[in-house]
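Dropping run_9.txt in here (compact mmCIF, C-alpha atoms):
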```txt
# COMPACT_ATOMS: atom_id res chain seq x y z
CA MET A 891 -0.67 -5.14 -8.93
CA SER A 892 -0.69 -2.97 -12.02
CA ALA A 893 2.75 -1.93 -13.36
CA ASP A 894 1.62 1.46 -14.70
CA PHE A 895 0.72 3.99 -12.03
CA THR A 896 1.84 7.36 -10.75
CA LEU A 897 3.33 8.20 -7.39
CA ALA A 898 0.12 10.04 -6.50
CA GLU A 899 -1.90 6.88 -7.19
CA LEU A 900 0.44 4.83 -4.99
CA LEU A 901 -0.04 7.43 -2.23
CA VAL A 902 -3.83 7.13 -2.50
CA VAL A 903 -3.57 3.38 -1.89
CA ALA A 904 -1.16 3.91 1.02
CA ALA A 905 -3.49 6.51 2.52
CA SER A 906 -6.47 4.15 2.24
CA GLU A 907 -4.74 1.75 4.63
CA ALA A 908 -5.12 4.26 7.46
CA TRP A 909 -8.83 3.40 7.59
CA ARG A 910 -8.49 -0.40 7.36
CA GLY A 911 -10.29 -2.09 10.23
CA ASN A 912 -11.56 1.18 11.72
CA GLY A 913 -15.17 0.04 11.94
CA GLU A 914 -18.17 2.32 11.55
CA LEU A 915 -16.74 5.79 11.95
CA LEU A 916 -16.61 8.97 9.88
CA ALA A 917 -13.67 8.91 7.46
CA SER A 918 -12.47 12.44 6.68
CA GLY A 919 -9.68 12.99 4.18
CA ILE A 920 -8.51 16.61 3.94
CA GLY A 921 -7.06 17.22 0.49
CA VAL A 922 -7.03 15.27 -2.77
CA VAL A 923 -4.95 12.22 -1.79
CA PRO A 924 -6.47 11.77 1.69
CA ARG A 925 -10.01 12.13 0.35
CA LEU A 926 -9.37 9.64 -2.44
CA GLY A 927 -7.72 7.33 0.10
CA ALA A 928 -10.76 7.39 2.39
CA SER A 929 -13.06 6.84 -0.60
CA LEU A 930 -10.97 3.92 -1.85
CA ALA A 931 -11.06 2.36 1.62
CA LYS A 932 -14.86 2.49 1.70
CA LEU A 933 -15.19 0.96 -1.77
CA THR A 934 -12.74 -1.89 -1.09
CA HIS A 935 -11.61 -3.15 2.31
CA SER A 936 -13.76 -1.08 4.71
CA PRO A 937 -17.33 -0.64 3.41
CA GLU A 938 -18.63 0.06 6.93
CA LEU A 939 -17.00 3.52 6.96
CA MET A 940 -19.29 6.56 6.98
CA MET A 941 -18.67 9.28 4.41
CA THR A 942 -20.17 12.64 3.59
CA ASP A 943 -20.57 14.53 0.33
CA ALA A 944 -18.35 17.25 1.93
CA GLU A 945 -21.44 19.42 2.29
CA ALA A 946 -24.37 18.28 4.43
CA TYR A 947 -25.25 14.64 3.71
CA LEU A 948 -24.08 11.11 4.35
CA VAL A 949 -23.52 9.18 1.14
CA GLU A 950 -23.58 5.47 0.34
CA GLU A 951 -20.82 5.82 -2.23
CA PRO A 952 -18.03 8.41 -2.26
CA VAL A 953 -18.66 11.47 -4.39
CA PRO A 954 -16.17 12.07 -7.25
CA LEU A 955 -13.85 15.06 -6.95
CA GLY A 956 -14.40 18.25 -8.92
CA PRO A 957 -17.38 19.28 -11.04
CA ARG A 958 -20.03 16.55 -10.86
CA GLY A 959 -21.67 16.98 -14.25
CA SER A 960 -24.60 14.57 -14.46
CA TYR A 961 -23.48 12.57 -11.41
CA VAL A 962 -26.11 12.50 -8.62
CA PRO A 963 -24.85 11.51 -5.15
CA ARG A 964 -26.59 8.63 -3.35
CA PHE A 965 -27.69 10.36 -0.16
CA SER A 966 -28.49 8.23 2.87
CA GLY A 967 -29.10 10.85 5.55
CA ALA A 968 -28.39 14.33 6.80
CA MET A 969 -24.97 15.14 8.26
CA SER A 970 -25.21 18.60 9.75
CA PHE A 971 -22.25 20.42 11.28
CA ALA A 972 -23.60 19.53 14.73
CA ARG A 973 -23.69 15.82 13.85
CA VAL A 974 -20.10 15.98 12.64
CA PHE A 975 -19.09 17.29 16.05
CA ASP A 976 -21.01 14.47 17.72
CA CYS A 977 -18.71 12.09 15.82
CA VAL A 978 -15.63 14.17 16.64
CA TRP A 979 -16.14 14.42 20.39
CA GLY A 980 -17.34 10.83 20.63
CA GLY A 981 -14.16 9.50 19.00
CA LYS A 982 -16.07 8.20 15.95
CA ARG A 983 -14.03 10.01 13.32
CA HIS A 984 -10.63 9.39 11.72
CA VAL A 985 -9.18 12.37 9.87
CA MET A 986 -6.12 12.59 7.64
CA ILE A 987 -4.67 16.10 7.68
CA GLY A 988 -1.73 17.88 6.01
CA PRO A 989 0.29 19.78 8.63
CA ILE A 990 3.00 22.25 7.68
CA GLN A 991 5.26 20.85 10.44
CA ILE A 992 5.46 17.53 12.32
CA ASP A 993 7.96 16.65 15.03
CA ARG A 994 9.36 13.36 16.30
CA PHE A 995 6.44 12.69 18.66
CA GLY A 996 3.66 13.68 16.29
CA GLN A 997 2.97 17.23 17.46
CA THR A 998 1.64 19.18 14.48
CA ASN A 999 1.48 22.77 13.30
CA LEU A 1000 -1.01 24.43 10.94
CA SER A 1001 -0.56 27.95 12.29
CA GLY A 1002 2.67 29.54 11.12
CA ILE A 1003 6.43 29.32 10.68
CA GLY A 1004 8.85 31.04 13.05
CA ASP A 1005 8.21 33.00 16.24
CA PRO A 1006 4.50 32.56 17.11
CA PHE A 1007 4.33 36.25 18.13
CA LYS A 1008 5.95 37.44 14.89
CA PRO A 1009 5.80 34.56 12.38
CA LYS A 1010 7.71 34.53 9.11
CA VAL A 1011 4.71 32.85 7.49
CA GLN A 1012 1.12 32.98 8.77
CA MET A 1013 -1.01 29.95 7.91
CA LEU A 1014 -4.49 28.73 8.88
CA GLY A 1015 -4.27 29.05 12.64
CA MET A 1016 -5.16 26.33 15.15
CA ARG A 1017 -8.40 25.34 13.40
CA GLY A 1018 -9.67 22.19 15.11
CA LEU A 1019 -6.28 20.63 15.79
CA PRO A 1020 -6.13 20.90 19.61
CA GLY A 1021 -9.48 19.18 20.17
CA ASN A 1022 -9.38 16.85 17.19
CA SER A 1023 -5.93 15.50 18.00
CA ILE A 1024 -7.04 14.25 21.41
CA SER A 1025 -10.62 13.21 20.62
CA HIS A 1026 -10.32 10.73 17.76
CA PRO A 1027 -7.79 8.96 15.50
CA ASN A 1028 -5.57 11.12 13.31
CA SER A 1029 -3.31 10.39 10.34
CA MET A 1030 -1.23 12.74 8.19
CA PHE A 1031 -0.27 13.29 4.56
CA VAL A 1032 2.93 15.07 3.46
CA PRO A 1033 3.47 15.43 -0.32
CA ASN A 1034 7.05 16.73 0.00
CA HIS A 1035 9.08 14.89 2.65
CA GLY A 1036 11.82 17.19 3.94
CA PRO A 1037 13.34 18.67 7.11
CA ARG A 1038 11.18 21.79 6.92
CA VAL A 1039 8.15 19.61 7.55
CA PHE A 1040 9.76 16.94 9.75
CA VAL A 1041 11.52 19.39 12.03
CA ALA A 1042 14.25 19.00 14.60
CA GLY A 1043 13.03 19.77 18.12
CA GLU A 1044 9.41 20.86 18.42
CA VAL A 1045 7.13 22.34 15.80
CA ASP A 1046 7.03 26.16 15.92
CA VAL A 1047 3.42 26.20 17.11
CA VAL A 1048 2.07 23.11 18.88
CA GLY A 1049 -1.47 22.98 17.56
CA GLY A 1050 -1.97 19.22 17.38
CA VAL A 1051 -1.30 17.15 20.48
CA GLY A 1052 1.35 14.42 20.22
CA TYR A 1053 3.23 11.96 22.40
CA ASN A 1054 6.12 14.21 23.49
CA PRO A 1055 6.94 13.04 27.05
CA ALA A 1056 8.08 16.55 27.99
CA ARG A 1057 4.55 17.84 27.32
CA TRP A 1058 2.88 15.26 29.57
CA PRO A 1059 3.64 16.06 33.24
CA GLN A 1060 3.65 13.37 35.89
CA GLY A 1061 0.15 12.08 36.59
CA VAL A 1062 -1.25 13.20 33.21
CA SER A 1063 -1.92 10.47 30.64
CA ASP A 1064 -1.62 10.57 26.85
CA ARG A 1065 -3.94 7.57 26.48
CA HIS A 1066 -6.49 9.58 24.48
CA VAL A 1067 -3.94 10.47 21.79
CA ASP A 1068 -4.35 8.12 18.81
CA LEU A 1069 -1.99 8.91 15.94
CA ARG A 1070 -1.95 6.27 13.19
CA LEU A 1071 -0.07 6.79 9.92
CA ILE A 1072 1.98 9.40 8.07
CA VAL A 1073 2.01 8.97 4.29
CA THR A 1074 4.69 10.93 2.41
CA ASP A 1075 6.12 10.94 -1.09
CA LEU A 1076 9.03 8.80 0.19
CA CYS A 1077 7.54 6.34 2.65
CA VAL A 1078 4.81 5.36 5.10
CA MET A 1079 5.48 5.95 8.80
CA ASP A 1080 3.68 5.21 12.06
CA PHE A 1081 4.18 5.95 15.76
CA GLY A 1082 5.61 2.61 16.81
CA GLY A 1083 9.02 3.90 17.93
CA ALA A 1084 10.25 4.45 21.49
CA ASN A 1085 7.74 6.55 23.46
CA HIS A 1086 5.53 6.55 20.34
CA ALA A 1087 8.18 8.29 18.23
CA VAL A 1088 7.76 8.38 14.44
CA ARG A 1089 8.99 5.19 12.77
CA VAL A 1090 9.36 4.14 9.13
CA ARG A 1091 6.95 1.36 8.19
CA SER A 1092 7.49 0.94 4.42
CA LEU A 1093 9.52 2.54 1.65
CA HIS A 1094 8.15 3.57 -1.73
CA PRO A 1095 9.70 1.96 -4.83
CA GLY A 1096 13.34 2.98 -5.32
CA VAL A 1097 13.61 4.86 -1.99
CA SER A 1098 16.19 3.89 0.65
CA LEU A 1099 15.98 4.29 4.42
CA GLU A 1100 19.10 6.49 4.26
CA GLN A 1101 17.30 8.78 1.83
CA VAL A 1102 14.34 9.11 4.18
CA ARG A 1103 16.58 9.78 7.18
CA ALA A 1104 18.47 12.46 5.23
CA ALA A 1105 15.16 14.20 4.53
CA THR A 1106 14.03 14.13 8.18
CA GLY A 1107 15.08 16.61 10.86
CA PHE A 1108 14.97 14.19 13.78
CA PRO A 1109 16.32 10.67 14.50
CA LEU A 1110 14.14 8.18 12.70
CA GLU A 1111 13.55 4.58 13.72
CA ALA A 1112 12.62 1.76 11.37
CA ALA A 1113 10.28 -1.21 11.82
CA GLY A 1114 12.78 -4.01 11.11
CA THR A 1115 13.16 -5.14 7.50
CA LEU A 1116 11.15 -2.62 5.54
CA PRO A 1117 8.80 -3.74 2.76
CA THR A 1118 8.12 -1.78 -0.39
CA THR A 1119 4.85 0.15 -0.19
CA ALA A 1120 2.18 -1.77 -2.07
CA GLY A 1121 1.06 -0.23 -5.33
CA PRO A 1122 -2.51 -0.23 -6.67
CA THR A 1123 -4.19 -3.21 -8.24
CA ALA A 1124 -6.00 -2.81 -11.53
CA GLU A 1125 -9.28 -2.68 -9.61
CA GLN A 1126 -7.99 0.03 -7.28
CA LEU A 1127 -6.67 2.08 -10.20
CA ALA A 1128 -10.04 1.92 -11.90
CA ILE A 1129 -11.75 3.16 -8.73
CA ILE A 1130 -9.24 6.00 -8.23
CA ARG A 1131 -9.62 7.17 -11.80
CA ARG A 1132 -13.42 7.01 -11.60
CA LEU A 1133 -13.44 9.02 -8.36
CA ASP A 1134 -11.06 11.63 -9.81
CA PRO A 1135 -12.33 12.12 -13.37
CA HIS A 1136 -10.60 15.51 -13.69
CA ASN A 1137 -7.21 14.06 -12.63
CA LEU A 1138 -6.76 16.46 -9.72
CA ARG A 1139 -4.32 13.95 -8.24
CA ALA A 1140 -1.84 14.86 -11.00
CA SER A 1141 -1.22 18.23 -9.31
CA VAL A 1142 -0.30 16.78 -5.90
CA ILE A 1143 3.32 15.83 -6.68
CA LYS A 1144 5.35 18.18 -8.91
CA GLY A 1145 5.55 16.79 -12.44
CA ASN A 1146 3.15 13.94 -11.60
CA PRO A 1147 5.96 11.34 -11.71
CA SER A 1148 5.66 7.61 -12.07
CA ALA A 1149 5.83 5.72 -8.79
CA PHE A 1150 9.11 4.26 -10.07
CA ALA A 1151 10.81 7.53 -11.05
CA PRO A 1152 14.12 8.13 -9.20
CA ARG A 1153 14.19 10.89 -6.59
CA ALA A 1154 17.14 12.81 -5.14
CA ALA A 1155 18.23 11.87 -1.62
CA GLY A 1156 17.62 14.32 1.18
CA LYS A 1157 15.77 16.87 -0.96
CA PRO A 1158 14.51 19.97 0.85
CA SER A 1159 10.78 20.56 1.17
```

Starting from the file, give its structure as structure tokens.
Amino acid sequence: MSADFTLAELLVVAASEAWRGNGELLASGIGVVPRLGASLAKLTHSPELMMTDAEAYLVEEPVPLGPRGSYVPRFSGAMSFARVFDCVWGGKRHVMIGPIQIDRFGQTNLSGIGDPFKPKVQMLGMRGLPGNSISHPNSMFVPNHGPRVFVAGEVDVVGGVGYNPARWPQGVSDRHVDLRLIVTDLCVMDFGGANHAVRVRSLHPGVSLEQVRAATGFPLEAAGTLPTTAGPTAEQLAIIRRLDPHNLRASVIKGNPSAFAPRAAGKPS
């Protein structure tokens, strides 16, 4: 592992693990870190993943972020909007999204904050969350771990389906819900808690479990003795920097800190 990397670069590596062992499906990362994570996965541990150029074609190697200059993508086939939906409805896609709210059982909100009929803040709306969250695997990325994102009770607008037992009446199964990882600036979490509740899986360098719990609005379980989130190897760093030649990742976390920089406990989002 290299000793010189930013928190954003550590998060890219953590995000890439969401696609490990997925097989031949469409990897979709929404946002800088998730997209770099999916790209890193394809170029290292999961070459069988399918990727697009974010426009209309499948590509054999991930396309770098930002202006392409003289770079010419290696196209391998068409990927129309209709074909994307074939992957979505057939369960052959794994997306990493960035919700504005997540609750204990993985319900997500992209729509707005406050009363749904008179929101304080209006966001994107439902988008594809209701169908996507029950049709194929989903993971999440949160760049600022705090209780405004990880809310007590339910999210203000339930757009993405989760494991909340109260939302699944008797005789109705949640077996089609497949939530995998949540990568934040403090830790990596999964849904291995009681009734598929959110659970801490690893802690980033210098972060304590108490710090994560203080920044979370609901009771948070932990997966036994927690390891430190693995940082990038020299090879992984080289790939990340090649895929992001304009250093867009530096804008993801305020101040673009080192992965080892201290952070205040229980900071608000």

**Request:** Give me, please, the distance in Å between CA of Ala917 (chain A) and CA of Leu939 (chain A), quoted to one decimal.
**Result:** 6.4 Å

**Request:** Scan for residues within 10 Å of the point (-5.7, 3.7, -12.2) in the coordinates of the file, using all atoms listed in the file, and reply as a ChimeraX atom specification.
**Result:** /A:892,894-896,899-900,1122-1132,1134

Let's have the selection written as a PDB file, keeping the file's coordinate frame, with C-alpha atoms.
```pdb
ATOM      1  CA  SER A 892      -0.690  -2.970 -12.020  1.00  0.00           C
ATOM      2  CA  ASP A 894       1.620   1.460 -14.700  1.00  0.00           C
ATOM      3  CA  PHE A 895       0.720   3.990 -12.030  1.00  0.00           C
ATOM      4  CA  THR A 896       1.840   7.360 -10.750  1.00  0.00           C
ATOM      5  CA  GLU A 899      -1.900   6.880  -7.190  1.00  0.00           C
ATOM      6  CA  LEU A 900       0.440   4.830  -4.990  1.00  0.00           C
ATOM      7  CA  PRO A1122      -2.510  -0.230  -6.670  1.00  0.00           C
ATOM      8  CA  THR A1123      -4.190  -3.210  -8.240  1.00  0.00           C
ATOM      9  CA  ALA A1124      -6.000  -2.810 -11.530  1.00  0.00           C
ATOM     10  CA  GLU A1125      -9.280  -2.680  -9.610  1.00  0.00           C
ATOM     11  CA  GLN A1126      -7.990   0.030  -7.280  1.00  0.00           C
ATOM     12  CA  LEU A1127      -6.670   2.080 -10.200  1.00  0.00           C
ATOM     13  CA  ALA A1128     -10.040   1.920 -11.900  1.00  0.00           C
ATOM     14  CA  ILE A1129     -11.750   3.160  -8.730  1.00  0.00           C
ATOM     15  CA  ILE A1130      -9.240   6.000  -8.230  1.00  0.00           C
ATOM     16  CA  ARG A1131      -9.620   7.170 -11.800  1.00  0.00           C
ATOM     17  CA  ARG A1132     -13.420   7.010 -11.600  1.00  0.00           C
ATOM     18  CA  ASP A1134     -11.060  11.630  -9.810  1.00  0.00           C
TER      19      ASP A1134
END
```

**Message:** What does the structure give for the distance between CA of Pro1135 (chain A) and CA of Val902 (chain A), in Å to one decimal?
**Reply:** 14.7 Å

**Request:** Quick one: pull the distance between CA of Val1073 (chain A) and CA of Ala898 (chain A), Å, one decimal.
**Result:**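 The value is 11.0 Å.
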
Can you check which parts of region 1029-1091 of chain A lie within 12 Å of region 1097-1114 of chain A? Per residue, the shortest pair of atoms and distance in Å to one decimal, counting only C-alpha atoms, sorted by chain and number, as CSV.
```
residue,atom,partner,partner_atom,distance
A:Asn1034,CA,A:Ala1105,CA,9.6
A:His1035,CA,A:Ala1105,CA,6.4
A:Gly1036,CA,A:Ala1105,CA,4.5
A:Pro1037,CA,A:Gly1107,CA,4.6
A:Arg1038,CA,A:Gly1107,CA,7.6
A:Val1039,CA,A:Thr1106,CA,8.1
A:Phe1040,CA,A:Thr1106,CA,5.3
A:Val1041,CA,A:Gly1107,CA,4.7
A:Ala1042,CA,A:Gly1107,CA,4.5
A:Gly1043,CA,A:Phe1108,CA,7.3
A:Glu1044,CA,A:Phe1108,CA,9.8
A:Val1045,CA,A:Gly1107,CA,11.0
A:Thr1074,CA,A:Val1102,CA,10.0
A:Asp1075,CA,A:Val1097,CA,9.7
A:Leu1076,CA,A:Val1097,CA,6.4
A:Cys1077,CA,A:Val1102,CA,7.5
A:Val1078,CA,A:Val1102,CA,10.3
A:Met1079,CA,A:Ala1112,CA,8.7
A:Asp1080,CA,A:Ala1113,CA,9.2
A:Phe1081,CA,A:Glu1111,CA,9.7
A:Gly1082,CA,A:Ala1113,CA,7.8
A:Gly1083,CA,A:Glu1111,CA,6.2
A:Ala1084,CA,A:Glu1111,CA,8.4
A:Asn1085,CA,A:Glu1111,CA,11.5
A:His1086,CA,A:Glu1111,CA,10.6
A:Ala1087,CA,A:Glu1111,CA,7.9
A:Val1088,CA,A:Leu1110,CA,6.6
A:Arg1089,CA,A:Glu1111,CA,4.7
A:Val1090,CA,A:Ala1112,CA,4.6
A:Arg1091,CA,A:Ala1113,CA,5.6
```

**Request:** Using only C-alpha atoms, find all polymer residues with an atom at most 6 Å away from the point (-27.8, 11.8, 6.2); report them as a list in words.
**Result:**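 Returned residue set, sorted by chain then number, is Tyr947, Leu948, Ser966, Gly967, Ala968 and Met969 of chain A.
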